Amino acid sequence: MFSPDPGFGLYVHWPFCLSKCPYCDFNSHVRGRVDTVRWQQALLRELDHYGEQTAGRRLTSVFFGGGTPSLMPPETVAALLTRLDSHWQIDSDLEVSLEANPTSAEAESFAGFAAAGVNRLSIGVQALEDEALRFLGRQHSVQEALEAVDLARRAVPRFSFDMIYARAGQTPASWSDELRRALDLGPEHLSLYQLTIEPGTQFHAALRRGELPLLDEELQADLYEATNHTLEAAGLPAYEVSNHARPGAECRHNLTYWRYGDYIGIGPGAHGRLTRSGIKRATRQHRAPEIWLERVETFGHATQSEEPLERSQRLEELLMMGLRLSEPVSRLAFEREAGAQPEKLLDPRKLHTAAAEGYLVLDEQGLRASSAGRLRLNTLLPWLLADI
């Protein structure tokens, strides 16, 4: 899996959903009607805007995220993918991922997305218990999820699905049993997220009212360990904090993020990282869908900000992303982003202490977090970065 080349990706954000899940803090919106023709033309215009700035680069991945991208017409996906080689060299092994919800109507579109050029589907299963799905505000049943996974398996070469754990009432034993049922479906990749309560969500409001029970931190840690143990034994080790895959089946687009490579973000609220003339810039598109649409139609893009990142910011982002992986943050990456080796950039005493306690490993390849270190990144990273 380890590669010194982080790749170059394109992220396309489709902001619309059928309903808003109570745990979701993503830029997603419910609309009664969407003018898909206008949206297709606007996405193409913003793609062209960034394509002109990055012409000739080798594109290694495309990711349609949201929102619910499986609500997009397959014709829109096809139009965007057809435009790619107008701007970039296309990698011979281009990964094209699309997130999908397993409702019956959307699952029927899987063949259409495959015909458009999608070769990897990521399905929001979230749970294999109907009661849990209702708690999570999902619009599908377990049976619909199983049917969607089967359709994905037949439609595209690669598929993955998401699940959420640390739900009220879960134990390591019950979660391990649910994971084994998930593994019986034959995925090559699983994204397993611990339930977190984010400000502004329905769950956050329920928590403040005292209506949402939470698991204690020790039980959450036990569930994390049970996740790693069960998936490791099944041949899908954790290559990132929340992502497990058979060797060679990792999500290449997300690896570009975690390896701190460049990527374009188009669509409402999309973020990007682009390096030009040795300067890495953080881009962000306008968040509100209707304002984004109007600005693209007026200006050809809806970029709200494009800010050069200082060396300290690049180092911070490099570590925040890279230490999530089981592979090291390479020495080449430290040189590329911050101009020096980790021993020169970080406090040697802290590196030694973290290594002695079993949280970090620094060797000839670079710097990586151990499994115990990845579990404690929320504490480890601020401490490590405090002096930069």
# chains A, B, ... in the order shown; residues from 1 in each chain; ligands from 1
$ closest_atom_pairs --of "stretch 155-270 of chain A" --to "stretch 366-377 of chain A" --cutoff "12 Å" --atoms "only C-alpha atoms" --output "CSV"
residue,atom,partner,partner_atom,distance
A:Gln194,CA,A:Leu375,CA,11.5
A:Glu217,CA,A:Leu375,CA,11.4
A:Glu218,CA,A:Leu375,CA,11.8
A:Gln220,CA,A:Leu375,CA,10.5
A:Ala221,CA,A:Leu375,CA,7.9
A:Asp222,CA,A:Leu375,CA,10.8
A:Leu223,CA,A:Leu375,CA,11.4
A:Tyr224,CA,A:Leu375,CA,8.2
A:Glu225,CA,A:Leu375,CA,9.2
A:Asn228,CA,A:Ser371,CA,9.2
A:His229,CA,A:Ser371,CA,11.3
A:Pro237,CA,A:Ser371,CA,11.1
A:Ala238,CA,A:Ser371,CA,9.0
A:Tyr239,CA,A:Ser371,CA,10.2
A:Glu240,CA,A:Arg374,CA,8.6
A:Val241,CA,A:Arg374,CA,6.4
A:Ser242,CA,A:Arg374,CA,10.0
A:Arg259,CA,A:Arg368,CA,11.9
$ write_last_selection --atoms "N, CA and C atoms" --output "mmCIF file, in the first residue's frame"
data_model
loop_
_atom_site.group_PDB
_atom_site.id
_atom_site.type_symbol
_atom_site.label_atom_id
_atom_site.label_comp_id
_atom_site.auth_asym_id
_atom_site.auth_seq_id
_atom_site.Cartn_x
_atom_site.Cartn_y
_atom_site.Cartn_z
ATOM 1 N N GLN A 194 -17.183 5.552 14.591
ATOM 2 C CA GLN A 194 -17.733 5.671 15.926
ATOM 3 C C GLN A 194 -18.718 6.836 15.952
ATOM 4 N N GLU A 217 -16.519 6.381 27.768
ATOM 5 C CA GLU A 217 -15.312 6.337 26.945
ATOM 6 C C GLU A 217 -14.632 4.981 26.994
ATOM 7 N N GLU A 218 -14.671 4.317 28.132
ATOM 8 C CA GLU A 218 -14.017 3.013 28.242
ATOM 9 C C GLU A 218 -14.698 1.992 27.343
ATOM 10 N N GLN A 220 -16.464 2.707 24.661
ATOM 11 C CA GLN A 220 -16.164 3.101 23.284
ATOM 12 C C GLN A 220 -14.790 2.566 22.862
ATOM 13 N N ALA A 221 -13.820 2.645 23.747
ATOM 14 C CA ALA A 221 -12.487 2.127 23.446
ATOM 15 C C ALA A 221 -12.529 0.607 23.255
ATOM 16 N N ASP A 222 -13.337 -0.072 24.074
ATOM 17 C CA ASP A 222 -13.480 -1.527 23.923
ATOM 18 C C ASP A 222 -14.098 -1.877 22.572
ATOM 19 N N LEU A 223 -15.053 -1.091 22.126
ATOM 20 C CA LEU A 223 -15.681 -1.325 20.822
ATOM 21 C C LEU A 223 -14.692 -1.089 19.685
ATOM 22 N N TYR A 224 -13.848 -0.079 19.847
ATOM 23 C CA TYR A 224 -12.804 0.182 18.850
ATOM 24 C C TYR A 224 -11.842 -1.002 18.762
ATOM 25 N N GLU A 225 -11.448 -1.526 19.910
ATOM 26 C CA GLU A 225 -10.546 -2.679 19.924
ATOM 27 C C GLU A 225 -11.227 -3.902 19.322
ATOM 28 N N ASN A 228 -11.121 -3.597 15.502
ATOM 29 C CA ASN A 228 -9.822 -3.929 14.926
ATOM 30 C C ASN A 228 -9.535 -5.428 14.992
ATOM 31 N N HIS A 229 -9.873 -6.046 16.110
ATOM 32 C CA HIS A 229 -9.602 -7.473 16.275
ATOM 33 C C HIS A 229 -10.414 -8.298 15.269
ATOM 34 N N PRO A 237 -7.397 -5.534 7.653
ATOM 35 C CA PRO A 237 -6.792 -4.730 8.720
ATOM 36 C C PRO A 237 -7.115 -3.247 8.550
ATOM 37 N N ALA A 238 -6.980 -2.515 9.644
ATOM 38 C CA ALA A 238 -7.196 -1.072 9.604
ATOM 39 C C ALA A 238 -6.010 -0.415 8.910
ATOM 40 N N TYR A 239 -6.269 0.233 7.762
ATOM 41 C CA TYR A 239 -5.197 1.015 7.151
ATOM 42 C C TYR A 239 -5.323 2.489 7.522
ATOM 43 N N GLU A 240 -6.440 2.827 8.170
ATOM 44 C CA GLU A 240 -6.699 4.182 8.673
ATOM 45 C C GLU A 240 -7.592 4.015 9.892
ATOM 46 N N VAL A 241 -7.716 5.041 10.711
ATOM 47 C CA VAL A 241 -8.437 4.933 11.979
ATOM 48 C C VAL A 241 -9.805 4.256 11.816
ATOM 49 N N SER A 242 -10.557 4.640 10.792
ATOM 50 C CA SER A 242 -11.925 4.145 10.629
ATOM 51 C C SER A 242 -12.123 3.290 9.389
ATOM 52 N N ARG A 259 -2.520 11.167 2.625
ATOM 53 C CA ARG A 259 -1.103 11.367 2.287
ATOM 54 C C ARG A 259 -0.809 12.827 1.967
#
$ select_by_dssp --residues "stretch 160-278 of chain A" --states "helix (DSSP H, G or I)" --output "ChimeraX atom specification"
/A:172-183,202-208,217-233,252-258
$ write_last_selection --atoms "N, CA and C atoms" --output "compact mmCIF listing (two decimals), in the first residue's frame"
# COMPACT_ATOMS: atom_id res chain seq x y z
N PRO A 172 -19.22 -5.00 23.10
CA PRO A 172 -18.24 -5.57 22.17
C PRO A 172 -18.72 -6.87 21.54
N ALA A 173 -19.43 -7.70 22.30
CA ALA A 173 -19.91 -8.98 21.77
C ALA A 173 -20.97 -8.77 20.69
N SER A 174 -21.94 -7.88 20.96
CA SER A 174 -23.01 -7.66 19.97
C SER A 174 -22.47 -6.98 18.72
N TRP A 175 -21.52 -6.06 18.89
CA TRP A 175 -20.93 -5.37 17.75
C TRP A 175 -20.07 -6.33 16.92
N SER A 176 -19.33 -7.20 17.57
CA SER A 176 -18.52 -8.17 16.84
C SER A 176 -19.42 -9.10 16.02
N ASP A 177 -20.56 -9.47 16.60
CA ASP A 177 -21.51 -10.31 15.86
C ASP A 177 -22.06 -9.58 14.64
N GLU A 178 -22.37 -8.29 14.79
CA GLU A 178 -22.85 -7.50 13.65
C GLU A 178 -21.77 -7.37 12.59
N LEU A 179 -20.54 -7.21 13.02
CA LEU A 179 -19.43 -7.13 12.06
C LEU A 179 -19.26 -8.43 11.29
N ARG A 180 -19.42 -9.56 11.97
CA ARG A 180 -19.30 -10.84 11.26
C ARG A 180 -20.40 -11.00 10.21
N ARG A 181 -21.59 -10.49 10.51
CA ARG A 181 -22.66 -10.52 9.51
C ARG A 181 -22.31 -9.61 8.33
N ALA A 182 -21.68 -8.48 8.63
CA ALA A 182 -21.24 -7.59 7.55
C ALA A 182 -20.19 -8.27 6.69
N LEU A 183 -19.26 -8.96 7.32
CA LEU A 183 -18.20 -9.64 6.58
C LEU A 183 -18.75 -10.76 5.71
N GLN A 202 -29.35 17.12 15.05
CA GLN A 202 -30.50 16.75 15.86
C GLN A 202 -30.08 15.97 17.10
N PHE A 203 -29.08 15.12 16.96
CA PHE A 203 -28.59 14.36 18.12
C PHE A 203 -28.00 15.28 19.17
N HIS A 204 -27.34 16.34 18.74
CA HIS A 204 -26.75 17.27 19.70
C HIS A 204 -27.84 17.95 20.51
N ALA A 205 -28.93 18.34 19.84
CA ALA A 205 -30.06 18.95 20.55
C ALA A 205 -30.68 17.95 21.53
N ALA A 206 -30.81 16.70 21.10
CA ALA A 206 -31.38 15.67 21.97
C ALA A 206 -30.49 15.42 23.18
N LEU A 207 -29.17 15.45 22.96
CA LEU A 207 -28.23 15.27 24.07
C LEU A 207 -28.37 16.38 25.10
N ARG A 208 -28.51 17.60 24.63
CA ARG A 208 -28.66 18.74 25.55
C ARG A 208 -29.96 18.65 26.34
N GLU A 217 -16.52 6.38 27.77
CA GLU A 217 -15.31 6.34 26.95
C GLU A 217 -14.63 4.98 26.99
N GLU A 218 -14.67 4.32 28.13
CA GLU A 218 -14.02 3.01 28.24
C GLU A 218 -14.70 1.99 27.34
N LEU A 219 -16.04 2.01 27.31
CA LEU A 219 -16.77 1.08 26.45
C LEU A 219 -16.54 1.42 24.98
N GLN A 220 -16.46 2.71 24.66
CA GLN A 220 -16.16 3.10 23.28
C GLN A 220 -14.79 2.57 22.86
N ALA A 221 -13.82 2.65 23.75
CA ALA A 221 -12.49 2.13 23.45
C ALA A 221 -12.53 0.61 23.26
N ASP A 222 -13.34 -0.07 24.07
CA ASP A 222 -13.48 -1.53 23.92
C ASP A 222 -14.10 -1.88 22.57
N LEU A 223 -15.05 -1.09 22.13
CA LEU A 223 -15.68 -1.33 20.82
C LEU A 223 -14.69 -1.09 19.68
N TYR A 224 -13.85 -0.08 19.85
CA TYR A 224 -12.80 0.18 18.85
C TYR A 224 -11.84 -1.00 18.76
N GLU A 225 -11.45 -1.53 19.91
CA GLU A 225 -10.55 -2.68 19.92
C GLU A 225 -11.23 -3.90 19.32
N ALA A 226 -12.51 -4.09 19.62
CA ALA A 226 -13.25 -5.22 19.05
C ALA A 226 -13.34 -5.09 17.53
N THR A 227 -13.49 -3.88 17.05
CA THR A 227 -13.53 -3.62 15.60
C THR A 227 -12.23 -4.07 14.96
N ASN A 228 -11.12 -3.60 15.50
CA ASN A 228 -9.82 -3.93 14.93
C ASN A 228 -9.54 -5.43 14.99
N HIS A 229 -9.87 -6.05 16.11
CA HIS A 229 -9.60 -7.47 16.27
C HIS A 229 -10.41 -8.30 15.27
N THR A 230 -11.70 -7.99 15.14
CA THR A 230 -12.57 -8.76 14.25
C THR A 230 -12.17 -8.60 12.80
N LEU A 231 -11.88 -7.38 12.39
CA LEU A 231 -11.54 -7.14 10.98
C LEU A 231 -10.14 -7.65 10.65
N GLU A 232 -9.21 -7.51 11.57
CA GLU A 232 -7.85 -8.04 11.35
C GLU A 232 -7.91 -9.55 11.14
N ALA A 233 -8.69 -10.22 11.98
CA ALA A 233 -8.80 -11.67 11.87
C ALA A 233 -9.44 -12.10 10.57
N ARG A 252 -8.34 4.69 -2.92
CA ARG A 252 -7.20 5.47 -3.41
C ARG A 252 -7.45 6.97 -3.27
N HIS A 253 -8.70 7.38 -3.45
CA HIS A 253 -8.99 8.81 -3.34
C HIS A 253 -8.76 9.29 -1.91
N ASN A 254 -9.29 8.56 -0.94
CA ASN A 254 -9.09 8.98 0.45
C ASN A 254 -7.63 8.90 0.86
N LEU A 255 -6.87 7.97 0.28
CA LEU A 255 -5.44 7.94 0.55
C LEU A 255 -4.75 9.22 0.08
N THR A 256 -5.24 9.82 -0.99
CA THR A 256 -4.69 11.10 -1.43
C THR A 256 -4.87 12.17 -0.35
N TYR A 257 -6.05 12.18 0.30
CA TYR A 257 -6.25 13.11 1.42
C TYR A 257 -5.27 12.83 2.54
N TRP A 258 -5.21 11.57 2.96
CA TRP A 258 -4.42 11.22 4.15
C TRP A 258 -2.93 11.33 3.89
$ residues_around --residues "A:Leu315" --least-positions-apart "4" --cutoff "7 Å" --atoms "only C-alpha atoms" --output "list in words"
Arg311, Leu319, Glu337 and Ala338 of chain A
$ atom_distance --atom1 "atom CA of A:Val156" --atom2 "atom CA of A:Asn119"
5.2 Å
$ closest_residue --among "A:Leu274, A:Gly269, A:Pro102, A:Ala155" --to "A:Ile291" --atoms "only C-alpha atoms"
A:Gly269
$ closest_residue --among "A:Leu47, A:Ala132, A:Ile279, A:Leu332" --to "A:Ala302" --atoms "only C-alpha atoms"
A:Leu47
$ residues_around --residues "A:Leu362" --least-positions-apart "3" --cutoff "12 Å" --atoms "only C-alpha atoms" --output "list in words"
Leu323, Glu327, Pro328, Val329, Ser330, Arg331, Gln341, Pro342, Glu343, Leu346, Pro348, Lys350, Leu351, His352, Thr353, Ala354, Ala355, Ala356, Gly358, Tyr359, Gln365, Gly366, Leu367, Arg368, Ala369 and Ser370 of chain A
$ closest_residue --among "A:Gly9, A:Pro73, A:Gly112, A:Asp48" --to "A:Asp35" --atoms "only C-alpha atoms"
A:Pro73
$ residues_around --residues "A:Phe299" --least-positions-apart "4" --cutoff "10 Å" --atoms "only C-alpha atoms" --output "ChimeraX atom specification"
/A:45-46,49,294-295,303
$ residues_around --residues "A:Phe8" --least-positions-apart "4" --cutoff "12 Å" --atoms "only C-alpha atoms" --output "MDAnalysis selection string"
chainID A and resid 54:63 88:91 94:95 252:265 272:275
